[in-house]
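Shown next, in structure tokens, is the structure this report addresses.
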Protein chains: 2
Amino acid sequence: MSKIASALSDIDVAHRLADAARAAILPYFRQPDLQTDNKEADGFDPVTEADRAGEAAMRALLDDLRPEDGILGEEHGIKPGTNGRQWVLDPIDGTRGFISGTPNWGVLIALSKADGPIMGVIDQPYIGERFTGGQGVARCDGPLGQTPLRTRQTQDLSDAIVFTTFPELGSPAERAGFAAVARHARLVRYGMDCYAYALLAAGQIDLVIEAGLAPYDIQAPIAVIEAAGGLVTGWQGEPAHNGGRALAAANPDIHAKALEILRGF
Amino acid sequence: MSKIASALSDIDVAHRLADAARAAILPYFRQPDLQTDNKEADGFDPVTEADRAGEAAMRALLDDLRPEDGILGEEHGIKPGTNGRQWVLDPIDGTRGFISGTPNWGVLIALSKADGPIMGVIDQPYIGERFTGGQGVARCDGPLGQTPLRTRQTQDLSDAIVFTTFPELGSPAERAGFAAVARHARLVRYGMDCYAYALLAAGQIDLVIEAGLAPYDIQAPIAVIEAAGGLVTGWQGEPAHNGGRALAAANPDIHAKALEILRGF
């Protein structure tokens, strides 16, 4: 590791990764001839050249800037580390949104230890918007300049704005769990992918409920939301950083009210 | 009307309106203390100060730049014109998305005659993205610079990407109509409001299916989509500019295939 590399903070490194991913991914965005492969035999899970290029760019930088740290990436798998630190990368969270041209996909970058993420970035390259949380930082850099991230203090489900990505969320039991919370809410919206977690950290919404997540889908959101004053657990209140079902909440009170319902599913 | 005003093209005027709406609306976006009123006795239809300020700014400009033209606006109603031309304004299409902090709401501006819109703008102030169509123009000005708008040539529903705003779309019959098309599609997404129409014009998606629309929800999208090579009708193939149920399609072939299904509902 060079002197320059060792002088960079982890957040500096994360921002360099996000910059590299932006440069690798944006040339593919909204191109008419974007190739999509199908990872699933059943259903539609597109993997694009942009995913692979974005992750490769980030891994190359980490090999240089943080050679002793491990890497877990969606597209290129695990590189073991030697110091208990792991960078968890999802080059494009929300590939379906990406191939449809929406601005709600994001680059997810987390730095994690054994018991979960300690810092994370949610980056939206097209908007030029970056949500950073952890290691003393909780802020958004975007079109409105630099703004602090702070979650809401909503107390009642009847005042809550709830997001999930798919109305066709997970298993039948998981759909029923989501619906049981959503029917109490003031407003329910769909289709945001990782952008919903960013909005929760930014104090715009109160709950995000998801299922079927991988670790790289949720670790950066956990770090950003915790830094902004919120919390993320599984549907039984367990740690969420290994993926599966997630309940992200703006504060402990609204979390407890949603969890009480979700525990039954 | 001043000499300067008469020298402005209709598209110049529309862009000045969009600039004024951006300036009026953006100071309210993502503010923690945004007030929302409830227009509906039943359910949740927020009207914000931002809506009213955005429309007032556009109407003031029109009074100066196009005093003989009529105005139809969502918030402030009808101003009769004297020449058969009408500006149709929705200051914030997607208020629910706006109050949740998403970047998928938009300012809708159409210039219409008796038989429908002849020019339209879909503007997203936060992203700084503007879709213009009609009077010889079909283009997007945004973060990637200026790009032409051209719809896709998708022929089969099994290759189509379909968007709608709400999974809870309209009446039970309308939901069934949407579902009957959606089950044939490659990919279905939700939650985009007017941004879905912009993506269709930009060649990113193939169909948008909605119901319960007002004229100001659909007139700007019609103009932008037609200028890009697509078409918009009602679910029986009738003109859509008066609102109600809308089927927007990238080309006549995919439109015919979706219409064949929707006609039954």
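Chain identifiers are assigned as A, B, and so on, following the order in which chains appear in the structure tokens; residues are numbered from 1 within each chain, and ligands are numbered from 1 in order of appearance.
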Exercise for the section: Tell me which protein, DNA and RNA residues are within 9 Å of range 9-12 of chain A, counting only C-alpha atoms, leaving out same-chain ones fewer than 5 positions away, and put them as a ChimeraX atom specification. Expected result: /A:17,111,119-121,132-135,137
Given the selection you just returned, output its residues as a file containing N, CA, C and O atoms, formatted as a CSV table (one decimal), in the first residue's frame.
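New file again29.csv:
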chain,number,residue,atom,x,y,z
A,17,LEU,N,-14.1,4.7,-4.9
A,17,LEU,CA,-14.8,3.6,-5.5
A,17,LEU,C,-16.1,4.0,-6.2
A,17,LEU,O,-16.4,3.6,-7.3
A,111,LEU,N,-18.3,-1.0,4.1
A,111,LEU,CA,-17.1,-1.6,4.8
A,111,LEU,C,-17.6,-2.2,6.0
A,111,LEU,O,-18.2,-1.6,6.9
A,119,MET,N,-19.5,1.4,7.8
A,119,MET,CA,-19.6,2.6,7.0
A,119,MET,C,-20.2,2.2,5.6
A,119,MET,O,-20.0,1.1,5.2
A,120,GLY,N,-21.0,3.1,5.0
A,120,GLY,CA,-21.6,2.7,3.7
A,120,GLY,C,-21.9,3.9,2.9
A,120,GLY,O,-22.0,5.1,3.4
A,121,VAL,N,-22.0,3.7,1.6
A,121,VAL,CA,-22.3,4.7,0.6
A,121,VAL,C,-23.4,4.2,-0.3
A,121,VAL,O,-23.3,3.0,-0.8
A,132,THR,N,-23.8,9.1,2.3
A,132,THR,CA,-22.7,8.5,3.1
A,132,THR,C,-23.0,8.5,4.5
A,132,THR,O,-23.4,9.5,5.1
A,133,GLY,N,-22.8,7.3,5.2
A,133,GLY,CA,-23.0,7.2,6.6
A,133,GLY,C,-22.0,6.3,7.3
A,133,GLY,O,-21.6,5.2,6.8
A,134,GLY,N,-21.6,6.7,8.5
A,134,GLY,CA,-20.7,5.9,9.3
A,134,GLY,C,-19.4,6.6,9.5
A,134,GLY,O,-19.0,7.6,8.9
A,135,GLN,N,-18.6,6.2,10.6
A,135,GLN,CA,-17.3,6.8,10.9
A,135,GLN,C,-17.5,8.3,11.1
A,135,GLN,O,-16.6,9.1,10.7
A,137,VAL,N,-19.8,10.3,9.9
A,137,VAL,CA,-20.4,11.1,8.8
A,137,VAL,C,-21.8,10.6,8.6
A,137,VAL,O,-22.1,9.4,8.7
Problem - Distance-based interface of chain B with chain A, 10 Å, counting only C-alpha atoms, as an MDAnalysis selection string - result: chainID B and resid 26:27 29:32 43:45 96:104 125:129 142:144 150:152 161:163 165:168 186:192 195:196 198:200 202:206
Problem - strand (DSSP E) residues, from DSSP on the backbone, in range 194-263 of chain B, as a ChimeraX atom specification - result: /B:207-213,231-233,244-249
Exercise for the section: Would you please give, as JSON, numbers by chain, all residues of range 18-110 of chain A that DSSP assigns to alpha helix (DSSP H) based on the backbone? Expected result: {"A": [18, 19, 20, 21, 22, 23, 24, 25, 49, 50, 51, 52, 53, 54, 55, 56, 57, 58, 59, 60, 61, 62, 63, 64, 65, 95, 96, 97, 98, 99]}
Practice task
Can you pull out every residue within 10 Å of range 53-62 of chain B, counting only C-alpha atoms, but drop anything in the same chain fewer than 3 positions away, and send it as a ChimeraX atom specification?
Solution key: /B:5,13-14,16-26,28,48-50,65-76,79,87,89-92,107,109
Those residues with C-alpha atoms, as an mmCIF file, in the first residue's frame please?
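Contents of the output file again-v1.cif:
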data_model
loop_
_atom_site.group_PDB
_atom_site.id
_atom_site.type_symbol
_atom_site.label_atom_id
_atom_site.label_comp_id
_atom_site.auth_asym_id
_atom_site.auth_seq_id
_atom_site.Cartn_x
_atom_site.Cartn_y
_atom_site.Cartn_z
ATOM 1 C CA ALA B 5 -42.795 37.917 -25.910
ATOM 2 C CA VAL B 13 -42.293 29.927 -23.562
ATOM 3 C CA ALA B 14 -42.749 26.370 -22.274
ATOM 4 C CA ARG B 16 -39.458 29.613 -19.393
ATOM 5 C CA LEU B 17 -42.507 28.219 -17.594
ATOM 6 C CA ALA B 18 -40.536 25.117 -16.617
ATOM 7 C CA ASP B 19 -37.638 27.255 -15.366
ATOM 8 C CA ALA B 20 -40.050 29.328 -13.271
ATOM 9 C CA ALA B 21 -41.708 26.220 -11.848
ATOM 10 C CA ARG B 22 -38.306 24.760 -10.925
ATOM 11 C CA ALA B 23 -37.366 27.927 -9.056
ATOM 12 C CA ALA B 24 -40.711 28.021 -7.237
ATOM 13 C CA ILE B 25 -40.878 24.330 -6.337
ATOM 14 C CA LEU B 26 -37.327 23.207 -5.500
ATOM 15 C CA TYR B 28 -39.835 23.060 -0.869
ATOM 16 C CA THR B 48 -48.496 21.323 -1.034
ATOM 17 C CA GLU B 49 -47.473 24.912 -1.025
ATOM 18 C CA ALA B 50 -45.028 23.861 -3.710
ATOM 19 C CA LEU B 65 -45.996 36.235 -22.549
ATOM 20 C CA ARG B 66 -49.188 34.733 -23.998
ATOM 21 C CA PRO B 67 -52.088 36.891 -22.716
ATOM 22 C CA GLU B 68 -54.571 35.681 -25.348
ATOM 23 C CA ASP B 69 -54.071 31.975 -24.632
ATOM 24 C CA GLY B 70 -56.280 30.119 -22.176
ATOM 25 C CA ILE B 71 -54.968 28.220 -19.143
ATOM 26 C CA LEU B 72 -56.097 25.009 -17.458
ATOM 27 C CA GLY B 73 -54.165 24.302 -14.267
ATOM 28 C CA GLU B 74 -54.576 21.622 -11.624
ATOM 29 C CA GLU B 75 -54.494 23.982 -8.660
ATOM 30 C CA HIS B 76 -55.970 27.270 -9.905
ATOM 31 C CA LYS B 79 -58.640 31.014 -17.454
ATOM 32 C CA TRP B 87 -51.818 25.888 -21.759
ATOM 33 C CA LEU B 89 -50.395 22.810 -16.414
ATOM 34 C CA ASP B 90 -49.717 20.343 -13.644
ATOM 35 C CA PRO B 91 -47.115 21.937 -11.372
ATOM 36 C CA ILE B 92 -46.292 18.679 -9.578
ATOM 37 C CA VAL B 107 -43.792 19.531 -13.913
ATOM 38 C CA ILE B 109 -46.750 21.712 -19.420
#
Exercise for the section: Work out how far CA of Gly244 in chain A is from CA of Ala214 in chain A, in Å to one decimal. Expected result: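 Result for CA of Ala214 in chain A versus CA of Gly244 in chain A: 6.4 Å, one decimal.
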Exercise for the section: For Val232 in chain A, work out the shell of residues within 6 Å, counting only C-alpha atoms and skipping chain neighbours fewer than 5 positions away, then give it as a list in words. Expected result: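 Counting only C-alpha atoms, the residues come to Ile222, Leu247 and Ala248 of chain A.
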Generate a file of the selected residues that holds N, CA, C and O atoms, formatted as an mmCIF file, in the first residue's frame.
data_model
loop_
_atom_site.group_PDB
_atom_site.id
_atom_site.type_symbol
_atom_site.label_atom_id
_atom_site.label_comp_id
_atom_site.auth_asym_id
_atom_site.auth_seq_id
_atom_site.Cartn_x
_atom_site.Cartn_y
_atom_site.Cartn_z
ATOM 1 N N ILE A 222 -27.727 -0.285 5.753
ATOM 2 C CA ILE A 222 -27.664 -0.348 7.220
ATOM 3 C C ILE A 222 -26.749 0.746 7.759
ATOM 4 O O ILE A 222 -27.102 1.489 8.681
ATOM 5 N N LEU A 247 -36.371 -4.951 7.853
ATOM 6 C CA LEU A 247 -37.241 -3.860 8.280
ATOM 7 C C LEU A 247 -36.348 -2.685 8.639
ATOM 8 O O LEU A 247 -35.608 -2.743 9.622
ATOM 9 N N ALA A 248 -36.386 -1.643 7.815
ATOM 10 C CA ALA A 248 -35.621 -0.426 8.091
ATOM 11 C C ALA A 248 -36.586 0.619 8.616
ATOM 12 O O ALA A 248 -37.688 0.783 8.067
#
Exercise for the section: Considering only C-alpha atoms, state which residue in the set B:Ala173, B:Val224, B:Ile78, B:Ala7 is at the smallest distance from Leu108 in chain B. Expected result: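 Going through B:Ala173, B:Val224, B:Ile78, B:Ala7 one by one, the smallest distance to Leu108 in chain B is for B:Val224.
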Exercise for the section: Tell me, as a ChimeraX atom specification, which residues lie within 7 Å of Asp141 in chain B, counting only C-alpha atoms; anything in the same chain fewer than 4 positions away does not count. Expected result: /B:129-131,145-147
Export of prior selection with C-alpha atoms as a PDB file, in the first residue's frame:
ATOM      1  CA  GLU B 129     -33.917  16.876 -16.713  1.00  0.00           C
ATOM      2  CA  ARG B 130     -36.364  18.122 -19.346  1.00  0.00           C
ATOM      3  CA  PHE B 131     -38.232  16.130 -21.989  1.00  0.00           C
ATOM      4  CA  GLY B 145     -26.415  16.494 -22.186  1.00  0.00           C
ATOM      5  CA  GLN B 146     -28.888  16.759 -25.036  1.00  0.00           C
ATOM      6  CA  THR B 147     -30.214  13.488 -26.437  1.00  0.00           C
TER       7      THR B 147
END
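Excluding Asn251 in chain A and any residue on its chain fewer than 3 positions from it, the residues at most 8 Å away by only C-alpha atoms are Thr151, Arg152, Gln153, Thr154, Gly229, Gly230, Leu231, Ile254 and His255 of chain A.
Considering only C-alpha atoms, the residue among A:Ala182, A:Ala249, A:Cys140, A:Cys194 positioned nearest to Ile225 in chain A is A:Ala249.
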